[in-house]
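Structure first, commentary second.
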Amino acid sequence: RFDLIRIMNNMKVFVGKWVLDGSVSEEPDNGRVLNSAEFVLRETPTGLEQTSRFIYTNSKGVTSAPPTDYEYFIPDYGTGKIFYLGVEKNHSGLTFTETGTIASEKTNSFTVTTTYPDKPNAKRVEYTVTLENGKWHQIAKRSDENGKVIGTEIINLKRL
């Protein structure tokens with residue numbers, strides 16, 4: 001139970017509104033440029049909720065703003081774990097969800113790990129957020145169903 005409280009406290013350090021600070025590093029380069037990003041993390045009666053908004057320009061110069069992403073971090077005091085639920089909507093209005101877990105190995109940092117629905121032991125995305133010099137520093141790694149890392153993204157945000 002103390003781990004759950006420690007993790008939630010580490011996450012609460014990030015409560016507030018954050019915007020893109022600098023450029024994003026993405027490997028492999030997918031040809032699009034992230035023009036702006038805004039993350040808002042807030043406390044709710046059931047845990048934490050994060051909304052994320054992005055504006056991209058693709059390699060053909062077309063700018064787009066996908067629908068807002070929603071992420072929920074819900075503490076389960078019965079199991080002592082934090083449940084993760086991510087909800088995305090594409091431009092066609094179709095909704096996609098992913099689930100996962102939250103861990104925290106050091107102060108002012110947390111890691112979200114999601115898995116493939118049909119392979120619960122295979123990491124799909126793992127991202128770690130760390131507070132560095134007052135800024136949100138995030139490293140995200142995408143993996144295929146066999147565990148091979150197929151993409152890495154590094155983003156920095158500053159608090160508004």
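Residue names in the structure tokens use chain letters A, B, ... in the order shown, residue numbers from 1 in each chain, and ligand numbers from 1 in the order shown.
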Tell me, which residues of chain A carry DSSP helix (DSSP H, G or I), written as a PyMOL selection string? chain A and resi 2-12
Might you pull out every residue within 7 Å of stretch 25-35 of chain A, with only C-alpha atoms counted and same-chain residues fewer than 2 positions away left off, and present them as a ChimeraX atom specification? /A:23,55-59,151-155
Now that the selection is made, can you save its residues with N, CA, C and O atoms as a short mmCIF file (atom, residue, chain, number, x, y, z; two decimals), in the first residue's frame?
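New file selection_27.cif:
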data_model
loop_
_atom_site.label_atom_id
_atom_site.label_comp_id
_atom_site.auth_asym_id
_atom_site.auth_seq_id
_atom_site.Cartn_x
_atom_site.Cartn_y
_atom_site.Cartn_z
N SER A 23 12.17 20.86 -29.62
CA SER A 23 11.70 19.91 -30.63
C SER A 23 11.72 18.49 -30.07
O SER A 23 12.34 18.22 -29.05
N ILE A 55 -0.38 19.11 -32.47
CA ILE A 55 -0.53 19.61 -33.83
C ILE A 55 0.73 19.21 -34.59
O ILE A 55 1.85 19.49 -34.15
N TYR A 56 0.52 18.51 -35.72
CA TYR A 56 1.61 17.99 -36.53
C TYR A 56 1.58 18.58 -37.93
O TYR A 56 0.52 18.95 -38.43
N THR A 57 2.73 18.59 -38.58
CA THR A 57 2.82 18.86 -40.01
C THR A 57 3.51 17.66 -40.63
O THR A 57 4.60 17.27 -40.19
N ASN A 58 2.88 17.05 -41.65
CA ASN A 58 3.48 15.86 -42.27
C ASN A 58 4.50 16.27 -43.33
O ASN A 58 4.72 17.45 -43.59
N SER A 59 5.11 15.28 -43.95
CA SER A 59 6.18 15.53 -44.92
C SER A 59 5.70 16.26 -46.17
O SER A 59 6.49 16.81 -46.91
N GLY A 151 10.53 1.96 -32.14
CA GLY A 151 10.52 3.41 -32.19
C GLY A 151 10.76 4.02 -30.83
O GLY A 151 10.36 3.46 -29.82
N THR A 152 11.44 5.16 -30.82
CA THR A 152 11.72 5.88 -29.58
C THR A 152 11.43 7.36 -29.82
O THR A 152 11.76 7.90 -30.88
N GLU A 153 10.78 7.97 -28.82
CA GLU A 153 10.45 9.40 -28.91
C GLU A 153 10.86 10.07 -27.60
O GLU A 153 10.56 9.56 -26.53
N ILE A 154 11.53 11.21 -27.71
CA ILE A 154 11.92 11.99 -26.54
C ILE A 154 11.29 13.36 -26.67
O ILE A 154 11.44 14.02 -27.70
N ILE A 155 10.57 13.77 -25.63
CA ILE A 155 9.87 15.05 -25.64
C ILE A 155 10.12 15.77 -24.32
O ILE A 155 10.22 15.14 -23.28
#
Give me, as a compact mmCIF listing (two decimals) with N, CA and C atoms, in the first residue's frame, all polymer residues having an atom no more than 7 Å from A:Asp144, counting only C-alpha atoms and skipping those fewer than 5 positions away in the same chain.
# COMPACT_ATOMS: atom_id res chain seq x y z
N ARG A 124 3.81 -3.02 -25.32
CA ARG A 124 3.45 -2.29 -26.53
C ARG A 124 4.13 -0.93 -26.52
N VAL A 149 12.14 -3.22 -29.87
CA VAL A 149 11.84 -1.79 -29.88
C VAL A 149 11.84 -1.32 -31.34
N ILE A 150 10.72 -0.72 -31.77
CA ILE A 150 10.58 -0.26 -33.16
C ILE A 150 10.53 1.26 -33.27
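Counting only C-alpha atoms, the residue from A:Thr99, A:Thr113, A:Asn156, A:Thr63 that sits nearest to A:Leu20 is A:Asn156.
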Contacts of A:Ile74 at 10 Å or less, counting only C-alpha atoms, minus same-chain residues fewer than 6 places along, as a list in words? Met8, Thr44, Pro45, Thr46, Gly47, Leu48, Glu49, Lys81, Ile82, Phe83, Tyr84, Leu85, Thr101 and Ile102 of chain A
Next, write the just-selected residues to a file, as a PDB file, in the first residue's frame, keeping N, CA and C atoms as the atom set.
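Full text of selection_20.pdb as output:
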ATOM      1  N   MET A   8       1.713   7.503  -6.510  1.00  0.00           N
ATOM      2  CA  MET A   8       0.754   8.593  -6.728  1.00  0.00           C
ATOM      3  C   MET A   8       1.378   9.944  -6.376  1.00  0.00           C
ATOM      4  N   THR A  44      -8.496  13.891  -9.936  1.00  0.00           N
ATOM      5  CA  THR A  44      -9.933  13.659 -10.000  1.00  0.00           C
ATOM      6  C   THR A  44     -10.342  12.902  -8.739  1.00  0.00           C
ATOM      7  N   PRO A  45     -11.630  12.748  -8.493  1.00  0.00           N
ATOM      8  CA  PRO A  45     -12.050  11.976  -7.312  1.00  0.00           C
ATOM      9  C   PRO A  45     -11.602  10.507  -7.355  1.00  0.00           C
ATOM     10  N   THR A  46     -11.284   9.999  -8.552  1.00  0.00           N
ATOM     11  CA  THR A  46     -10.885   8.590  -8.660  1.00  0.00           C
ATOM     12  C   THR A  46      -9.409   8.389  -8.974  1.00  0.00           C
ATOM     13  N   GLY A  47      -8.607   9.443  -9.004  1.00  0.00           N
ATOM     14  CA  GLY A  47      -7.181   9.295  -9.307  1.00  0.00           C
ATOM     15  C   GLY A  47      -6.646  10.500 -10.047  1.00  0.00           C
ATOM     16  N   LEU A  48      -6.047  10.258 -11.218  1.00  0.00           N
ATOM     17  CA  LEU A  48      -5.506  11.325 -12.053  1.00  0.00           C
ATOM     18  C   LEU A  48      -6.004  11.149 -13.484  1.00  0.00           C
ATOM     19  N   GLU A  49      -6.175  12.274 -14.190  1.00  0.00           N
ATOM     20  CA  GLU A  49      -6.563  12.254 -15.597  1.00  0.00           C
ATOM     21  C   GLU A  49      -5.605  13.158 -16.351  1.00  0.00           C
ATOM     22  N   LYS A  81      -2.143  -1.442  -6.599  1.00  0.00           N
ATOM     23  CA  LYS A  81      -1.595  -1.089  -7.905  1.00  0.00           C
ATOM     24  C   LYS A  81      -2.362   0.073  -8.499  1.00  0.00           C
ATOM     25  N   ILE A  82      -1.766   0.696  -9.503  1.00  0.00           N
ATOM     26  CA  ILE A  82      -2.420   1.780 -10.225  1.00  0.00           C
ATOM     27  C   ILE A  82      -2.748   1.273 -11.621  1.00  0.00           C
ATOM     28  N   PHE A  83      -4.018   1.325 -11.976  1.00  0.00           N
ATOM     29  CA  PHE A  83      -4.505   0.879 -13.271  1.00  0.00           C
ATOM     30  C   PHE A  83      -4.390   2.037 -14.262  1.00  0.00           C
ATOM     31  N   TYR A  84      -3.953   1.748 -15.468  1.00  0.00           N
ATOM     32  CA  TYR A  84      -3.819   2.752 -16.526  1.00  0.00           C
ATOM     33  C   TYR A  84      -4.831   2.452 -17.625  1.00  0.00           C
ATOM     34  N   LEU A  85      -5.520   3.488 -18.096  1.00  0.00           N
ATOM     35  CA  LEU A  85      -6.428   3.377 -19.230  1.00  0.00           C
ATOM     36  C   LEU A  85      -6.166   4.552 -20.149  1.00  0.00           C
ATOM     37  N   THR A 101      -0.020  -0.587 -16.623  1.00  0.00           N
ATOM     38  CA  THR A 101       0.331  -0.411 -15.216  1.00  0.00           C
ATOM     39  C   THR A 101       1.283   0.760 -15.068  1.00  0.00           C
ATOM     40  N   ILE A 102       1.416   1.215 -13.826  1.00  0.00           N
ATOM     41  CA  ILE A 102       2.289   2.335 -13.498  1.00  0.00           C
ATOM     42  C   ILE A 102       3.303   1.852 -12.469  1.00  0.00           C
TER      43      ILE A 102
END
Please list as an NGL selection string every residue within 12 Å of A:Leu94, counting only C-alpha atoms and excluding residues in the same chain fewer than 6 positions away. :A and (66-67 or 87-88)
So, counting only C-alpha atoms, which residue among A:Asn146, A:Thr111, A:Ser64, A:Asn133 is closest to A:His91?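 Looking only at the distances to A:His91, the closest residue turns out to be A:Ser64.
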